[in-house]
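Coordinates as given in target_10.pdb (PDB, C-alpha atoms):
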ATOM      1  CA  MET F  40     -10.837 -54.479   1.861
ATOM      2  CA  LEU F  41      -9.426 -51.111   0.831
ATOM      3  CA  GLY F  42      -6.579 -49.607   2.857
ATOM      4  CA  ARG F  43      -6.861 -46.185   4.459
ATOM      5  CA  GLY F  44      -4.816 -44.454   1.734
ATOM      6  CA  THR F  45      -6.687 -46.142  -1.069
ATOM      7  CA  ARG F  46     -10.079 -45.327   0.465
ATOM      8  CA  TRP F  47      -9.009 -41.668   0.841
ATOM      9  CA  LEU F  48      -8.073 -41.551  -2.848
ATOM     10  CA  VAL F  49     -11.366 -43.185  -3.816
ATOM     11  CA  GLY F  50     -13.215 -40.637  -1.708
ATOM     12  CA  ALA F  51     -11.454 -37.736  -3.364
ATOM     13  CA  MET F  52     -12.266 -39.119  -6.806
ATOM     14  CA  ILE F  53     -15.916 -39.611  -5.840
ATOM     15  CA  VAL F  54     -16.244 -36.033  -4.634
ATOM     16  CA  ALA F  55     -14.611 -34.736  -7.808
ATOM     17  CA  CYS F  56     -16.997 -36.806  -9.907
ATOM     18  CA  ALA F  57     -19.982 -35.488  -7.962
ATOM     19  CA  VAL F  58     -18.903 -31.921  -8.570
ATOM     20  CA  LEU F  59     -18.694 -32.594 -12.300
ATOM     21  CA  VAL F  60     -22.031 -34.356 -12.655
ATOM     22  CA  GLY F  61     -23.918 -32.261 -10.130
ATOM     23  CA  PRO F  62     -26.199 -33.412  -7.335
ATOM     24  CA  SER F  63     -28.176 -36.592  -7.658
ATOM     25  CA  THR F  64     -31.538 -36.668  -5.913
ATOM     26  CA  PRO F  65     -33.998 -39.516  -5.608
ATOM     27  CA  ARG F  66     -37.065 -39.413  -7.803
ATOM     28  CA  GLY F  67     -40.527 -40.875  -7.420
ATOM     29  CA  ALA F  68     -43.487 -39.713  -5.369
ATOM     30  CA  PRO F  69     -43.745 -41.021  -1.811
ATOM     31  CA  ILE F  70     -46.589 -43.422  -1.054
ATOM     32  CA  GLY F  71     -48.346 -43.964   2.249
ATOM     33  CA  SER F  72     -47.148 -42.520   5.548
ATOM     34  CA  ALA F  73     -44.391 -40.197   4.373
ATOM     35  CA  LEU F  74     -41.058 -40.257   6.177
ATOM     36  CA  PRO F  75     -39.001 -37.074   6.200
ATOM     37  CA  VAL F  76     -36.050 -36.899   3.822
ATOM     38  CA  ILE F  77     -32.884 -36.313   5.829
ATOM     39  CA  ALA F  78     -31.421 -32.898   5.067
ATOM     40  CA  ASP F  79     -28.340 -33.102   7.280
ATOM     41  CA  ARG F  80     -27.572 -36.709   6.348
ATOM     42  CA  GLU F  81     -27.589 -38.101   9.858
ATOM     43  CA  VAL F  82     -28.437 -41.766  10.257
ATOM     44  CA  VAL F  83     -31.869 -42.352  11.816
ATOM     45  CA  ALA F  84     -31.310 -44.828  14.631
ATOM     46  CA  ASN F  85     -34.700 -46.558  14.397
ATOM     47  CA  ARG F  86     -35.071 -46.607  10.600
ATOM     48  CA  VAL F  87     -34.613 -49.773   8.537
ATOM     49  CA  MET F  88     -34.887 -50.417   4.820
ATOM     50  CA  THR F  89     -35.017 -53.288   2.354
ATOM     51  CA  TRP F  90     -34.312 -52.960  -1.361
ATOM     52  CA  ASN F  91     -33.841 -55.401  -4.217
ATOM     53  CA  LEU F  92     -31.301 -53.611  -6.408
ATOM     54  CA  CYS F  93     -32.376 -55.299  -9.653
ATOM     55  CA  ASN F  94     -29.473 -57.150 -11.199
ATOM     56  CA  PRO F  95     -28.402 -57.147 -13.905
ATOM     57  CA  CYS F  96     -29.772 -53.665 -14.554
ATOM     58  CA  ASP F  97     -28.175 -50.655 -16.201
ATOM     59  CA  THR F  98     -28.053 -48.585 -13.021
ATOM     60  CA  SER F  99     -25.467 -46.216 -11.575
ATOM     61  CA  ASN F 100     -24.276 -46.920  -8.056
ATOM     62  CA  ILE F 101     -24.060 -43.196  -7.388
ATOM     63  CA  ASP F 102     -27.813 -42.994  -8.072
ATOM     64  CA  ARG F 103     -28.473 -45.969  -5.825
ATOM     65  CA  ALA F 104     -26.488 -44.297  -3.054
ATOM     66  CA  ALA F 105     -28.463 -41.075  -3.467
ATOM     67  CA  GLU F 106     -31.729 -42.994  -3.064
ATOM     68  CA  ILE F 107     -30.500 -44.578   0.161
ATOM     69  CA  ALA F 108     -28.968 -41.360   1.519
ATOM     70  CA  ALA F 109     -32.287 -39.534   1.223
ATOM     71  CA  TYR F 110     -33.599 -41.653   4.104
ATOM     72  CA  ALA F 111     -30.355 -42.550   5.915
ATOM     73  CA  PRO F 112     -31.539 -45.778   7.560
ATOM     74  CA  GLN F 113     -29.702 -47.321  10.480
ATOM     75  CA  VAL F 114     -29.909 -50.738   8.783
ATOM     76  CA  ILE F 115     -30.225 -51.587   5.087
ATOM     77  CA  GLY F 116     -30.863 -54.982   3.542
ATOM     78  CA  LEU F 117     -29.903 -55.294  -0.128
ATOM     79  CA  GLN F 118     -30.798 -58.201  -2.402
ATOM     80  CA  GLU F 119     -29.582 -59.061  -5.916
ATOM     81  CA  ALA F 120     -26.380 -57.356  -4.854
ATOM     82  CA  CYS F 121     -22.892 -57.671  -6.285
ATOM     83  CA  ALA F 122     -20.182 -57.285  -3.648
ATOM     84  CA  GLY F 123     -18.380 -54.729  -5.813
ATOM     85  CA  ASP F 124     -21.522 -52.635  -6.241
ATOM     86  CA  VAL F 125     -22.218 -52.694  -2.507
ATOM     87  CA  GLU F 126     -18.690 -51.516  -1.758
ATOM     88  CA  ARG F 127     -19.033 -48.630  -4.212
ATOM     89  CA  ILE F 128     -22.441 -47.666  -2.829
ATOM     90  CA  ARG F 129     -20.935 -47.724   0.644
ATOM     91  CA  ASP F 130     -18.088 -45.440  -0.480
ATOM     92  CA  TYR F 131     -20.519 -42.977  -2.078
ATOM     93  CA  LEU F 132     -22.629 -42.905   1.085
ATOM     94  CA  GLU F 133     -19.575 -42.076   3.170
ATOM     95  CA  HIS F 134     -17.769 -39.599   0.922
ATOM     96  CA  LEU F 135     -20.752 -37.794  -0.607
ATOM     97  CA  TYR F 136     -23.196 -37.858   2.311
ATOM     98  CA  GLY F 137     -21.128 -38.488   5.426
ATOM     99  CA  LEU F 138     -23.034 -41.714   6.160
ATOM    100  CA  VAL F 139     -20.663 -44.393   7.449
ATOM    101  CA  TYR F 140     -21.831 -48.005   7.324
ATOM    102  CA  HIS F 141     -20.394 -51.348   8.285
ATOM    103  CA  VAL F 142     -21.177 -54.159   5.830
ATOM    104  CA  GLU F 143     -21.669 -57.918   6.018
ATOM    105  CA  TYR F 144     -22.260 -60.169   3.023
ATOM    106  CA  GLY F 145     -24.321 -63.276   2.407
ATOM    107  CA  MET F 146     -23.146 -64.115  -1.076
ATOM    108  CA  VAL F 147     -24.486 -67.322  -2.608
ATOM    109  CA  LEU F 148     -22.701 -67.548  -5.949
ATOM    110  CA  ARG F 149     -20.078 -66.099  -8.250
ATOM    111  CA  ASN F 150     -21.518 -64.826 -11.510
ATOM    112  CA  TRP F 151     -19.562 -63.061 -14.217
ATOM    113  CA  SER F 152     -22.624 -62.083 -16.298
ATOM    114  CA  ARG F 153     -24.198 -60.348 -13.296
ATOM    115  CA  CYS F 154     -21.214 -58.998 -11.397
ATOM    116  CA  GLY F 155     -18.322 -58.887 -13.844
ATOM    117  CA  GLY F 156     -14.771 -59.434 -12.704
ATOM    118  CA  ALA F 157     -12.028 -61.494 -14.273
ATOM    119  CA  PRO F 158     -13.224 -64.587 -16.164
ATOM    120  CA  TRP F 159     -11.355 -66.762 -13.657
ATOM    121  CA  SER F 160     -12.630 -64.765 -10.676
ATOM    122  CA  PRO F 161     -16.210 -63.559 -11.241
ATOM    123  CA  GLY F 162     -17.880 -61.166  -8.839
ATOM    124  CA  GLU F 163     -19.837 -62.391  -5.806
ATOM    125  CA  TYR F 164     -23.630 -62.130  -5.860
ATOM    126  CA  GLY F 165     -26.277 -62.397  -3.146
ATOM    127  CA  GLN F 166     -27.363 -60.341  -0.115
ATOM    128  CA  ALA F 167     -25.723 -57.651   2.001
ATOM    129  CA  ILE F 168     -26.543 -55.883   5.252
ATOM    130  CA  LEU F 169     -25.313 -52.353   5.918
ATOM    131  CA  SER F 170     -25.516 -51.030   9.468
ATOM    132  CA  ALA F 171     -24.404 -47.770  11.026
ATOM    133  CA  ALA F 172     -23.626 -49.717  14.210
ATOM    134  CA  PRO F 173     -21.081 -52.535  14.364
ATOM    135  CA  MET F 174     -22.358 -56.025  13.555
ATOM    136  CA  THR F 175     -21.474 -59.263  15.299
ATOM    137  CA  ASP F 176     -22.254 -62.984  15.058
ATOM    138  CA  ARG F 177     -22.638 -63.023  11.291
ATOM    139  CA  VAL F 178     -24.160 -66.178   9.876
ATOM    140  CA  ALA F 179     -24.572 -66.801   6.135
ATOM    141  CA  VAL F 180     -26.766 -69.724   5.107
ATOM    142  CA  GLU F 181     -27.404 -71.085   1.636
ATOM    143  CA  TYR F 182     -30.765 -72.820   1.333
ATOM    144  CA  PRO F 183     -30.513 -76.556   0.555
ATOM    145  CA  ASP F 184     -32.631 -75.968  -2.556
ATOM    146  CA  GLY F 185     -32.309 -72.563  -4.179
ATOM    147  CA  GLY F 186     -34.682 -73.327  -7.008
ATOM    148  CA  SER F 187     -33.645 -71.953 -10.389
ATOM    149  CA  GLU F 188     -30.792 -69.995  -8.744
ATOM    150  CA  ASP F 189     -28.863 -70.331  -5.494
ATOM    151  CA  ARG F 190     -30.529 -68.420  -2.665
ATOM    152  CA  GLY F 191     -29.907 -67.910   1.054
ATOM    153  CA  TYR F 192     -29.928 -65.506   3.972
ATOM    154  CA  VAL F 193     -27.437 -63.560   6.053
ATOM    155  CA  ALA F 194     -28.004 -62.677   9.721
ATOM    156  CA  VAL F 195     -26.188 -60.361  12.130
ATOM    157  CA  THR F 196     -26.666 -58.816  15.545
ATOM    158  CA  THR F 197     -26.602 -55.023  15.624
ATOM    159  CA  ARG F 198     -28.309 -52.036  17.250
ATOM    160  CA  VAL F 199     -31.626 -50.595  16.106
ATOM    161  CA  ASP F 200     -33.458 -47.964  18.150
ATOM    162  CA  GLY F 201     -30.754 -48.369  20.791
ATOM    163  CA  ARG F 202     -31.438 -52.082  21.325
ATOM    164  CA  LEU F 203     -29.551 -55.169  20.229
ATOM    165  CA  VAL F 204     -31.537 -56.841  17.470
ATOM    166  CA  ARG F 205     -30.996 -59.915  15.313
ATOM    167  CA  VAL F 206     -31.329 -58.807  11.674
ATOM    168  CA  PHE F 207     -31.935 -61.228   8.803
ATOM    169  CA  ASN F 208     -31.804 -60.468   5.088
ATOM    170  CA  THR F 209     -33.036 -62.969   2.524
ATOM    171  CA  HIS F 210     -34.079 -63.491  -1.088
ATOM    172  CA  LEU F 211     -36.369 -66.440  -1.770
ATOM    173  CA  ALA F 212     -36.751 -68.414  -4.994
ATOM    174  CA  GLU F 213     -38.314 -66.813  -8.037
ATOM    175  CA  ARG F 214     -42.009 -66.868  -8.793
ATOM    176  CA  ARG F 215     -43.781 -70.106  -9.731
ATOM    177  CA  GLN F 216     -41.545 -72.042  -7.316
ATOM    178  CA  GLU F 217     -43.920 -72.143  -4.376
ATOM    179  CA  GLN F 218     -42.748 -75.445  -2.917
ATOM    180  CA  VAL F 219     -39.126 -74.335  -3.016
ATOM    181  CA  ARG F 220     -39.986 -71.094  -1.234
ATOM    182  CA  ALA F 221     -41.951 -72.992   1.405
ATOM    183  CA  ALA F 222     -38.896 -75.120   2.214
ATOM    184  CA  GLN F 223     -36.693 -72.013   2.302
ATOM    185  CA  THR F 224     -39.104 -70.250   4.652
ATOM    186  CA  ASP F 225     -39.015 -73.251   6.999
ATOM    187  CA  VAL F 226     -35.223 -72.896   7.247
ATOM    188  CA  LEU F 227     -35.421 -69.143   7.787
ATOM    189  CA  ALA F 228     -38.275 -69.294  10.295
ATOM    190  CA  ALA F 229     -36.450 -71.866  12.430
ATOM    191  CA  ALA F 230     -33.551 -69.416  12.768
ATOM    192  CA  VAL F 231     -35.791 -66.406  13.442
ATOM    193  CA  ALA F 232     -37.743 -68.286  16.126
ATOM    194  CA  ARG F 233     -34.616 -68.507  18.281
ATOM    195  CA  HIS F 234     -34.676 -64.743  18.882
ATOM    196  CA  ASP F 235     -37.122 -62.685  20.932
ATOM    197  CA  ARG F 236     -36.298 -59.489  19.034
ATOM    198  CA  ALA F 237     -35.658 -59.751  15.291
ATOM    199  CA  ILE F 238     -36.063 -57.901  12.006
ATOM    200  CA  VAL F 239     -36.387 -59.913   8.803
ATOM    201  CA  LEU F 240     -35.741 -57.966   5.603
ATOM    202  CA  GLY F 241     -36.007 -59.221   2.087
ATOM    203  CA  ASP F 242     -37.587 -60.100  -1.202
ATOM    204  CA  PHE F 243     -39.815 -63.120  -0.545
ATOM    205  CA  ASN F 244     -41.169 -63.342  -4.104
ATOM    206  CA  ALA F 245     -44.605 -64.083  -2.634
ATOM    207  CA  VAL F 246     -47.737 -62.074  -1.880
ATOM    208  CA  PRO F 247     -48.982 -61.879   1.734
ATOM    209  CA  ASP F 248     -51.603 -64.634   1.451
ATOM    210  CA  ALA F 249     -49.230 -67.114  -0.224
ATOM    211  CA  PRO F 250     -49.180 -70.404   1.755
ATOM    212  CA  GLU F 251     -45.370 -70.489   1.777
ATOM    213  CA  LEU F 252     -45.289 -67.437   4.074
ATOM    214  CA  THR F 253     -47.390 -69.071   6.791
ATOM    215  CA  ARG F 254     -44.382 -69.802   9.021
ATOM    216  CA  MET F 255     -43.247 -66.169   8.883
ATOM    217  CA  TRP F 256     -46.697 -64.837   9.781
ATOM    218  CA  GLU F 257     -46.743 -67.153  12.811
ATOM    219  CA  LEU F 258     -43.565 -65.502  14.089
ATOM    220  CA  ALA F 259     -43.677 -61.881  12.985
ATOM    221  CA  THR F 260     -45.691 -59.008  11.510
ATOM    222  CA  ASP F 261     -44.950 -56.873   8.463
ATOM    223  CA  VAL F 262     -44.566 -53.128   8.977
ATOM    224  CA  ASP F 263     -47.511 -52.436   6.646
ATOM    225  CA  PRO F 264     -50.579 -53.054   8.857
ATOM    226  CA  GLU F 265     -52.746 -53.727   5.813
ATOM    227  CA  CYS F 266     -50.488 -56.463   4.447
ATOM    228  CA  ARG F 267     -51.598 -59.648   6.184
ATOM    229  CA  PRO F 268     -52.452 -63.237   5.146
ATOM    230  CA  SER F 269     -56.123 -62.209   5.238
ATOM    231  CA  PRO F 270     -56.654 -58.866   3.432
ATOM    232  CA  VAL F 271     -57.522 -56.063   5.834
ATOM    233  CA  GLY F 272     -57.229 -53.086   3.483
ATOM    234  CA  THR F 273     -55.120 -51.783   0.649
ATOM    235  CA  CYS F 274     -51.767 -53.551   0.822
ATOM    236  CA  GLN F 275     -49.182 -51.407  -0.910
ATOM    237  CA  HIS F 276     -47.323 -53.143  -3.722
ATOM    238  CA  THR F 277     -43.530 -53.061  -3.729
ATOM    239  CA  THR F 278     -42.792 -53.983  -7.343
ATOM    240  CA  GLU F 279     -43.377 -52.513 -10.787
ATOM    241  CA  TRP F 280     -45.761 -55.396 -11.533
ATOM    242  CA  HIS F 281     -48.064 -54.308  -8.682
ATOM    243  CA  ALA F 282     -47.294 -57.111  -6.247
ATOM    244  CA  LYS F 283     -46.208 -57.064  -2.623
ATOM    245  CA  PHE F 284     -42.997 -59.135  -2.592
ATOM    246  CA  ASP F 285     -40.794 -57.119  -0.208
ATOM    247  CA  TYR F 286     -41.197 -57.276   3.565
ATOM    248  CA  ILE F 287     -39.878 -55.921   6.820
ATOM    249  CA  PHE F 288     -41.047 -58.521   9.323
ATOM    250  CA  LEU F 289     -40.786 -57.510  12.988
ATOM    251  CA  ARG F 290     -40.605 -59.946  15.906
ATOM    252  CA  GLY F 291     -40.801 -58.529  19.421
ATOM    253  CA  MET F 292     -40.870 -55.008  17.994
ATOM    254  CA  ALA F 293     -43.506 -52.588  16.712
ATOM    255  CA  PRO F 294     -43.593 -50.392  13.595
ATOM    256  CA  ARG F 295     -44.040 -46.655  13.976
ATOM    257  CA  THR F 296     -44.520 -45.674  10.358
ATOM    258  CA  HIS F 297     -43.574 -47.041   6.963
ATOM    259  CA  GLN F 298     -43.169 -45.905   3.385
ATOM    260  CA  VAL F 299     -43.012 -47.567  -0.009
ATOM    261  CA  GLN F 300     -40.782 -45.467  -2.256
ATOM    262  CA  PRO F 301     -40.720 -46.159  -6.006
ATOM    263  CA  SER F 302     -37.332 -45.890  -7.669
ATOM    264  CA  PRO F 303     -36.322 -45.390 -11.303
ATOM    265  CA  HIS F 304     -33.257 -47.523 -10.559
ATOM    266  CA  SER F 305     -34.935 -50.859  -9.815
ATOM    267  CA  ASP F 306     -38.030 -52.889 -10.606
ATOM    268  CA  HIS F 307     -38.560 -53.119  -6.832
ATOM    269  CA  HIS F 308     -39.535 -50.191  -4.632
ATOM    270  CA  MET F 309     -37.688 -49.333  -1.459
ATOM    271  CA  LEU F 310     -39.560 -50.358   1.691
ATOM    272  CA  ILE F 311     -38.612 -48.184   4.662
ATOM    273  CA  SER F 312     -39.869 -48.245   8.222
ATOM    274  CA  GLU F 313     -39.236 -46.643  11.569
ATOM    275  CA  VAL F 314     -39.549 -49.145  14.403
ATOM    276  CA  ASP F 315     -39.966 -49.140  18.148
ATOM    277  CA  ALA F 316     -37.652 -51.729  19.645
ATOM    278  CA  THR F 317     -38.920 -51.072  23.164
ATOM    279  CA  ARG F 318     -42.329 -52.681  22.646
ATOM    280  CA  ALA F 319     -43.842 -55.578  20.756
ATOM    281  CA  ALA F 320     -46.455 -55.208  18.030
TER     282      ALA F 320
END
Is it possible to express this structure as structure tokens?
Amino acid sequence: MLGRGTRWLVGAMIVACAVLVGPSTPRGAPIGSALPVIADREVVANRVMTWNLCNPCDTSNIDRAAEIAAYAPQVIGLQEACAGDVERIRDYLEHLYGLVYHVEYGMVLRNWSRCGGAPWSPGEYGQAILSAAPMTDRVAVEYPDGGSEDRGYVAVTTRVDGRLVRVFNTHLAERRQEQVRAAQTDVLAAAVARHDRAIVLGDFNAVPDAPELTRMWELATDVDPECRPSPVGTCQHTTEWHAKFDYIFLRGMAPRTHQVQPSPHSDHHMLISEVDATRAA
């Protein structure tokens, strides 16, 4: 954790860099029910977001921060995240946009090829949750079987839309590992079921009608009303390969509007939603 003096110096350097390179604005045309881009950079108290950062990818953290700042969510779930990248994104959000976030990590492995670091101390890799409100009761769980790579989830309690909510962020096993994902979903669903009001963010690596998502559909509803186990319309894809893999599942809450936002900085799109924590879906 950076000290106050060090963080001030980092902030000054970030601002100087931004002046030199000029403003960075998100690209990509909005899809679906458009959400307003935040001009004054105030956090939206009922807005949540999930985004697989794509790692390893040749992407600037200042560009990633600009994408997030355009929508200023109250809560952000990041997957395929290096702890160092998350910390830099967090610094950019604060010093360039005035958006201050707390952070909690659910790292599942140390990987030098993905996250760099000293050969004897590689960077941590996994999930992270950023929240404008303080977070409590953090739990980080690694699935008993990660499949081809360690996987897990992180959960915290924080405020969304003025209410205390249990927030989960997960990344399930890669494609063509259906049985592994089914076992992972059983672990996740058992934890989610203990809460009357919950938000589950993440990359599930499975389309809505995949059998391994059955347990999640029994507990919660995705923010896209047309993405269901039985097709009810045009379910918006969230990846460059035209598949719906990313979800914002709501339990005991209702979506107000949602947006799928393509990004040039990842092979996954950002999924953003405004929620109503005062009523169930």
Can you tell me, as an MDAnalysis selection string, what residues are no more than 9 Å from Ala167 in chain F when counting only C-alpha atoms, ignoring any on the same chain fewer than 2 positions away?
-> chainID F and resid 115:122 125 142:146 165 169 193 208
Please tabulate, as CSV, the residues of range 82-177 of chain F that come within 12 Å of range 244-266 of chain F, each with its closest pair of atoms and the distance in Å to one decimal, counting only C-alpha atoms and ordering rows by chain, then residue number upward.
residue,atom,partner,partner_atom,distance
F:Arg86,CA,F:Val262,CA,11.6
F:Val87,CA,F:Val262,CA,10.5
F:Met88,CA,F:Val262,CA,10.9
F:Thr89,CA,F:Val262,CA,11.6
F:Asn91,CA,F:Asn244,CA,10.8
F:Gln118,CA,F:Asn244,CA,11.7
Using the selection just defined, write its residues with C-alpha atoms as an mmCIF file, keeping the file's coordinate frame.
data_model
loop_
_atom_site.group_PDB
_atom_site.id
_atom_site.type_symbol
_atom_site.label_atom_id
_atom_site.label_comp_id
_atom_site.auth_asym_id
_atom_site.auth_seq_id
_atom_site.Cartn_x
_atom_site.Cartn_y
_atom_site.Cartn_z
ATOM 1 C CA ARG F 86 -35.071 -46.607 10.600
ATOM 2 C CA VAL F 87 -34.613 -49.773 8.537
ATOM 3 C CA MET F 88 -34.887 -50.417 4.820
ATOM 4 C CA THR F 89 -35.017 -53.288 2.354
ATOM 5 C CA ASN F 91 -33.841 -55.401 -4.217
ATOM 6 C CA GLN F 118 -30.798 -58.201 -2.402
#
Gap from CA of Asp102 in chain F to CA of Glu313 in chain F - Å, one decimal | 23.0 Å
Considering only C-alpha atoms, state which residue in the set F:Val314, F:Met309, F:Val226, F:Ala212 is at the smallest distance from Val83 in chain F.
->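 Looking at the shortest contact to Val83 in chain F, the residue is F:Val314.
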Please evaluate the PyMOL selection byres ((chain F and resi 205-207) around 10) against the displayed coordinates and give the resulting residues as a ChimeraX atom specification.
-> /F:114-116,167-168,170,174-179,192-199,202-204,208-209,227,230-231,233-241,287-290
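CA of Gln223 in chain F to CA of Tyr182 in chain F spans 6.1 Å [interatomic distance, one decimal].
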Hits from the PyMOL selection byres ((chain F and resi 95) around 10), listed as an MDAnalysis selection string | chainID F and resid 92:94 96:98 119:121 152:154 305
For CA of Pro301 in chain F and CA of Ala172 in chain F, quote the distance in Å rounded to one decimal.
-> 26.7 Å
